[in-house]
There are 2 protein chains.
Amino acid sequence: MTILRSPAGIPDATVARLPLYLRALDELAERGTDVCSSEHLATAAGVNSAIVRKDLSHLGSYGTRGVGYDVRFLAGHIAAVVGQTQPWPVVIVGAGHLGSALAAYQGFGARGVKVAAVVDADPELIGTTVGGHEVLSIDDLPGIVVRDEVSLGIIATPPAAAQSVADALVAAGISSILNFAPTALQVPAEVDLRQVDVAAELQILGYHAHRRQAATSKEVTA
Amino acid sequence: MTILRSPAGIPDATVARLPLYLRALDELAERGTDVCSSEHLATAAGVNSAIVRKDLSHLGSYGTRGVGYDVRFLAGHIAAVVGQTQPWPVVIVGAGHLGSALAAYQGFGARGVKVAAVVDADPELIGTTVGGHEVLSIDDLPGIVVRDEVSLGIIATPPAAAQSVADALVAAGISSILNFAPTALQVPAEVDLRQVDVAAELQILGYHAHRRQAATSKEVTA
DNA sequence: TCGATTTTGTGAAAGGGTTCCCAAACTCTT
DNA sequence: AAGAGTTTGGGAACCCTTTCACAAAATCGA
């Protein structure tokens with residue numbers, strides 16, 4: 001008998017949107033909205049309504065035809081699916097500009113994320129405080145991971161250090177890594193890796209801007 | 001007669017990977033590698049070789065069978081396609097923790113991005129210096145955009161301010177926006193918008209970690 | 001109670017993206 | 001010069017995602 005029916009195979013694209021729905025639902029709840037349609041939720045999350053319905057149908061049927069979705073109930077359910085019933089402790093590696101900004105970020109709490117520790121390799125930084133967290137040595141990683149049951153690691157170091165940091169995180173038992181360093185990291189298959197590359201995002205925007213410019217100047221020439 | 005043949009329709013998925021190839025090629029060039037195979041480039045960029053070949057074929061045929069790709073030549077060509085022959089000037093809106101970290105980020109230069117200005121609405125922050133840039137008033141936006149020919153804007157403000165900042169950017173003539181605030185922004189169709197949501201990334205990782213845990217405890221129970 | 005209206009849930013179709021696979025084109029060795 | 005070994009370019013199959021379209025289920029007013 002299955003008690004917790006965590007729907008086996010939720011498509012990746014859907015999983016990637018669940019946090020958006022959760023955020024949108026929390027906002028709606030705060031504004032006192034009790035029930036919302038897929039159309040309404042779609043606008044709040046910045047997607048279209050067909051995809052909202054399809055996505056939510058992967059989690060099971062929690063809407064009422066002719067009415068919509070119960071905002072709090074749905075939010076609670078999505079939170080359960082993404083494992084956000086308790087905050088996830090994360091460790092931030094790198095206490096530079098970016099690491100500090102992340103450590104100080106006030107928005108994590110409401111999104112189910114808790115900064116367990118900030119570590120760095122630089123002796124000059126160890127012992128200082130960033131965002132209310134004392135910077136610990138990267139050598140303490142294994143202890144921190146065990147003590148705080150950390151399973152998420154954020155790499156906010158220069159690219160040159162990123163691979164060895166990733167190795168250290170994996171060795172310490174962490175199986176999910178969010179990498180801000182612009183490097184292709186090599187990790188074991190069972191480790192889940194996501195990449196945030198700000199410069200790459202800007203270059204993608206640049207490509208489209210470039211094309212727009214070219215199209216415009218063509219028009220002018222023609 | 002077409003002189004600059006910017007291949008009309010490059011698939012979005014390919015465009016999103018071009019910056020990775022560019023980064024990988026620059027690294028290879030720095031290490032003195034003159035020629036590389038799709039396999040080699042794939043490893044350096046963290047993707048598989050079939051997709052490298054398919055992606056590059058969208059730009060035209062620049063490889064030599066039995067040999068591979070000329071590293072510098074290919075890098076130059078990709079740079080031209082993404083419009084990175086000159087650095088793109090960007091304006092950062094928000095001089096808080098994140099905005100400061102971005103303003104101070106040393107890695108932009110090598111990736112074809114140049115911080116033209118940092119602006120904020122907070123009178124306490126205006127006039128201070130972050131990452132070598134004096135923080136200007138957000139009211140100066142139109143002037144800055146025109147003077148420095150800025151076409152990329154980065155929103156690094158609290159979510160509550162993000163929409164009005166986006167409106168201000170659009171009004172100032174900016175058509176590409178990278179938004180770090182966790183909000184679904186409403187922009188005109190001709191404006192190109194990309195989103196970076198760190199908490200959402202962590203929640204996606206959390207979902208998979210959660211599933212792994214559930215699977216493991218199931219095994220143990222069984 | 002019944003018909004009009006709203007909105008979900010989901011098959012089916014359409015659209016992209018990825019992977020497989022191999023002929024064609026090149027180099028190198030003998 | 002010919003054969004062995006590499007590696008690209010791209011057709012074709014496959015898979016995933018999105019969009020479309022509508023029956024089913026609910027509400028509401030008369």
# chains A, B, ... in the order shown; residues from 1 in each chain; ligands from 1
>>> closest_atom_pairs(of="chain A", to="chain B", cutoff="8 Å", atoms="only C-alpha atoms", output="tab-separated table")
residue	atom	partner	partner_atom	distance
A:Val15	CA	B:Ile204	CA	6.5
A:Ala16	CA	B:Ile204	CA	6.0
A:Pro19	CA	B:Ala200	CA	5.3
A:Leu20	CA	B:Ala200	CA	7.2
A:Ala44	CA	B:Ala184	CA	6.6
A:Ala45	CA	B:Ala184	CA	5.8
A:Gly46	CA	B:Ala184	CA	5.2
A:Val81	CA	B:Tyr207	CA	6.9
A:Val82	CA	B:Tyr207	CA	4.2
A:Gly83	CA	B:His210	CA	5.4
A:Gln84	CA	B:Gly206	CA	7.6
A:Trp88	CA	B:Gly206	CA	7.3
A:His97	CA	B:Ala101	CA	4.7
A:Leu98	CA	B:Ala101	CA	5.3
A:Ser100	CA	B:His97	CA	7.6
A:Ala101	CA	B:His97	CA	4.7
A:Leu102	CA	B:Leu98	CA	7.6
A:Ala104	CA	B:His97	CA	7.3
A:Tyr105	CA	B:His97	CA	7.7
A:Gly107	CA	B:Ala199	CA	8.0
A:Phe108	CA	B:Ala199	CA	6.3
A:Arg111	CA	B:Ala199	CA	6.4
A:Gly112	CA	B:Gln203	CA	7.7
A:Val113	CA	B:Ala199	CA	7.2
A:Ser151	CA	B:Ala209	CA	7.5
A:Leu152	CA	B:Leu205	CA	7.6
A:Ser175	CA	B:Ala209	CA	7.4
A:Ser176	CA	B:Leu205	CA	6.1
A:Ile177	CA	B:Leu205	CA	7.7
A:Leu178	CA	B:Leu202	CA	7.2
A:Thr183	CA	B:Ala45	CA	7.9
A:Ala184	CA	B:Gly46	CA	5.1
A:Leu185	CA	B:Gly46	CA	7.3
A:Asp192	CA	B:Leu205	CA	7.0
A:Leu193	CA	B:Leu205	CA	7.9
A:Arg194	CA	B:Glu201	CA	7.4
A:Val196	CA	B:Val196	CA	7.8
A:Ala199	CA	B:Phe108	CA	6.3
A:Ala200	CA	B:Pro19	CA	5.3
A:Glu201	CA	B:Arg194	CA	7.4
A:Leu202	CA	B:Leu178	CA	7.2
A:Gln203	CA	B:Pro19	CA	6.5
A:Ile204	CA	B:Ala16	CA	6.0
A:Leu205	CA	B:Ser176	CA	6.1
A:Gly206	CA	B:Val82	CA	6.2
A:Tyr207	CA	B:Val82	CA	4.2
A:His208	CA	B:Asp192	CA	7.7
A:Ala209	CA	B:Ser176	CA	6.9
A:His210	CA	B:Gly83	CA	5.4
>>> select_by_dssp(residues="range 22-210 of chain A", states="alpha helix (DSSP H)", output="VMD selection string")
chain A and resid 22 to 30 38 to 45 49 to 59 71 to 81 97 to 104 141 to 148 159 to 171 198 to 210
>>> closest_atom_pairs(of="chain A", to="chain D", cutoff="8 Å", atoms="only C-alpha atoms (C1' of nucleotides)", output="Markdown table")
| residue | atom | partner | partner_atom | distance |
| --- | --- | --- | --- | --- |
| A:Ala13 | CA | D:DT17 | C1' | 7.5 |
| A:Ala50 | CA | D:DT19 | C1' | 7.5 |
| A:Ile51 | CA | D:DT18 | C1' | 7.4 |
| A:Thr64 | CA | D:DA26 | C1' | 6.8 |
| A:Arg65 | CA | D:DA26 | C1' | 5.1 |
| A:Gly66 | CA | D:DA26 | C1' | 4.9 |
| A:Val67 | CA | D:DA26 | C1' | 6.9 |
>>> interface_residues(of="chain C", to="chain B", cutoff="8 Å", atoms="only C-alpha atoms (C1' of nucleotides)", output="PyMOL selection string")
chain C and resi 17-19+25-27
>>> residues_around(residues="range 29-38 of chain A", least_positions_apart="6", cutoff="8 Å", atoms="only C-alpha atoms (C1' of nucleotides)", output="PyMOL selection string")
(chain A and resi 49-50+52-53+67-72) or (chain C and resi 7)
>>> residues_around(residues="His133 in chain B", least_positions_apart="2", cutoff="10 Å", atoms="only C-alpha atoms (C1' of nucleotides)", output="PDB file with C-alpha atoms, in the first residue's frame")
ATOM      1  CA  SER B 100      27.460  45.075  -6.450  1.00  0.00           C
ATOM      2  CA  ALA B 103      29.432  45.250 -11.001  1.00  0.00           C
ATOM      3  CA  ALA B 104      32.618  43.870  -9.459  1.00  0.00           C
ATOM      4  CA  VAL B 115      29.435  47.355 -17.431  1.00  0.00           C
ATOM      5  CA  ALA B 116      28.463  50.813 -18.692  1.00  0.00           C
ATOM      6  CA  ALA B 117      26.778  51.987 -15.513  1.00  0.00           C
ATOM      7  CA  VAL B 118      25.220  50.982 -12.224  1.00  0.00           C
ATOM      8  CA  VAL B 119      22.049  52.779 -11.148  1.00  0.00           C
ATOM      9  CA  GLY B 127      27.110  58.477  -5.264  1.00  0.00           C
ATOM     10  CA  THR B 128      28.747  55.462  -3.630  1.00  0.00           C
ATOM     11  CA  THR B 129      31.133  53.292  -5.601  1.00  0.00           C
ATOM     12  CA  VAL B 130      30.624  49.601  -6.336  1.00  0.00           C
ATOM     13  CA  GLY B 131      33.114  47.579  -8.314  1.00  0.00           C
ATOM     14  CA  VAL B 135      26.223  54.512  -8.577  1.00  0.00           C
ATOM     15  CA  LEU B 136      24.014  56.862 -10.582  1.00  0.00           C
TER      16      LEU B 136
END
>>> select_by_dssp(residues="range 90-125 of chain A", states="strand (DSSP E or B)", output="ChimeraX atom specification")
/A:90-93,113-120
>>> write_last_selection(atoms="N, CA and C atoms", output="PDB file, in the first residue's frame")
ATOM      1  N   VAL A  90      21.706  24.602   2.650  1.00  0.00           N
ATOM      2  CA  VAL A  90      22.705  24.637   1.586  1.00  0.00           C
ATOM      3  C   VAL A  90      24.020  25.178   2.128  1.00  0.00           C
ATOM      4  N   VAL A  91      25.104  24.746   1.515  1.00  0.00           N
ATOM      5  CA  VAL A  91      26.407  25.300   1.868  1.00  0.00           C
ATOM      6  C   VAL A  91      26.917  26.092   0.671  1.00  0.00           C
ATOM      7  N   ILE A  92      27.389  27.302   0.944  1.00  0.00           N
ATOM      8  CA  ILE A  92      27.928  28.158  -0.100  1.00  0.00           C
ATOM      9  C   ILE A  92      29.442  28.086  -0.058  1.00  0.00           C
ATOM     10  N   VAL A  93      30.052  27.716  -1.164  1.00  0.00           N
ATOM     11  CA  VAL A  93      31.508  27.660  -1.221  1.00  0.00           C
ATOM     12  C   VAL A  93      32.002  28.876  -2.001  1.00  0.00           C
ATOM     13  N   VAL A 113      14.746  27.583   1.387  1.00  0.00           N
ATOM     14  CA  VAL A 113      16.197  27.382   1.363  1.00  0.00           C
ATOM     15  C   VAL A 113      16.808  28.061   2.583  1.00  0.00           C
ATOM     16  N   LYS A 114      17.749  27.388   3.228  1.00  0.00           N
ATOM     17  CA  LYS A 114      18.386  27.911   4.435  1.00  0.00           C
ATOM     18  C   LYS A 114      19.895  27.785   4.275  1.00  0.00           C
ATOM     19  N   VAL A 115      20.609  28.888   4.447  1.00  0.00           N
ATOM     20  CA  VAL A 115      22.063  28.825   4.320  1.00  0.00           C
ATOM     21  C   VAL A 115      22.633  28.206   5.594  1.00  0.00           C
ATOM     22  N   ALA A 116      23.203  27.006   5.467  1.00  0.00           N
ATOM     23  CA  ALA A 116      23.750  26.306   6.637  1.00  0.00           C
ATOM     24  C   ALA A 116      25.137  26.823   6.960  1.00  0.00           C
ATOM     25  N   ALA A 117      25.922  27.126   5.934  1.00  0.00           N
ATOM     26  CA  ALA A 117      27.286  27.586   6.176  1.00  0.00           C
ATOM     27  C   ALA A 117      27.874  28.215   4.926  1.00  0.00           C
ATOM     28  N   VAL A 118      28.869  29.073   5.136  1.00  0.00           N
ATOM     29  CA  VAL A 118      29.639  29.653   4.045  1.00  0.00           C
ATOM     30  C   VAL A 118      31.095  29.264   4.282  1.00  0.00           C
ATOM     31  N   VAL A 119      31.724  28.683   3.291  1.00  0.00           N
ATOM     32  CA  VAL A 119      33.124  28.274   3.456  1.00  0.00           C
ATOM     33  C   VAL A 119      33.981  28.872   2.346  1.00  0.00           C
ATOM     34  N   ASP A 120      35.278  28.956   2.603  1.00  0.00           N
ATOM     35  CA  ASP A 120      36.218  29.483   1.613  1.00  0.00           C
ATOM     36  C   ASP A 120      37.585  28.860   1.879  1.00  0.00           C
TER      37      ASP A 120
END
>>> atom_distance(atom1="CA of Val146 in chain B", atom2="CA of Ile78 in chain B")
27.6 Å
>>> atom_distance(atom1="CA of Leu25 in chain A", atom2="CA of Pro188 in chain B")
24.2 Å
>>> decode(residues="range 4-27 of chain C", atoms="C-alpha atoms (C1' of nucleotides)", output="compact mmCIF listing (two decimals), in the first residue's frame")
# COMPACT_ATOMS: atom_id res chain seq x y z
C1' DA C 4 -26.22 28.46 -19.79
C1' DT C 5 -21.60 29.23 -18.39
C1' DT C 6 -17.17 28.28 -16.58
C1' DT C 7 -13.09 25.67 -16.18
C1' DT C 8 -10.57 21.38 -15.60
C1' DG C 9 -8.25 17.25 -17.39
C1' DT C 10 -6.53 14.91 -21.18
C1' DG C 11 -6.33 12.70 -25.69
C1' DA C 12 -4.41 14.02 -30.19
C1' DA C 13 -1.68 16.84 -33.23
C1' DA C 14 2.17 19.70 -34.00
C1' DG C 15 6.64 21.31 -33.21
C1' DG C 16 11.50 21.12 -31.57
C1' DG C 17 15.48 19.00 -30.06
C1' DT C 18 18.53 15.05 -29.53
C1' DT C 19 20.57 10.93 -30.85
C1' DC C 20 21.85 7.47 -34.19
C1' DC C 21 24.22 6.31 -37.99
C1' DC C 22 26.89 6.41 -42.14
C1' DA C 23 28.54 8.28 -46.59
C1' DA C 24 31.85 11.67 -47.85
C1' DA C 25 36.17 13.89 -47.24
C1' DC C 26 40.38 14.34 -45.26
C1' DT C 27 45.27 12.60 -43.36
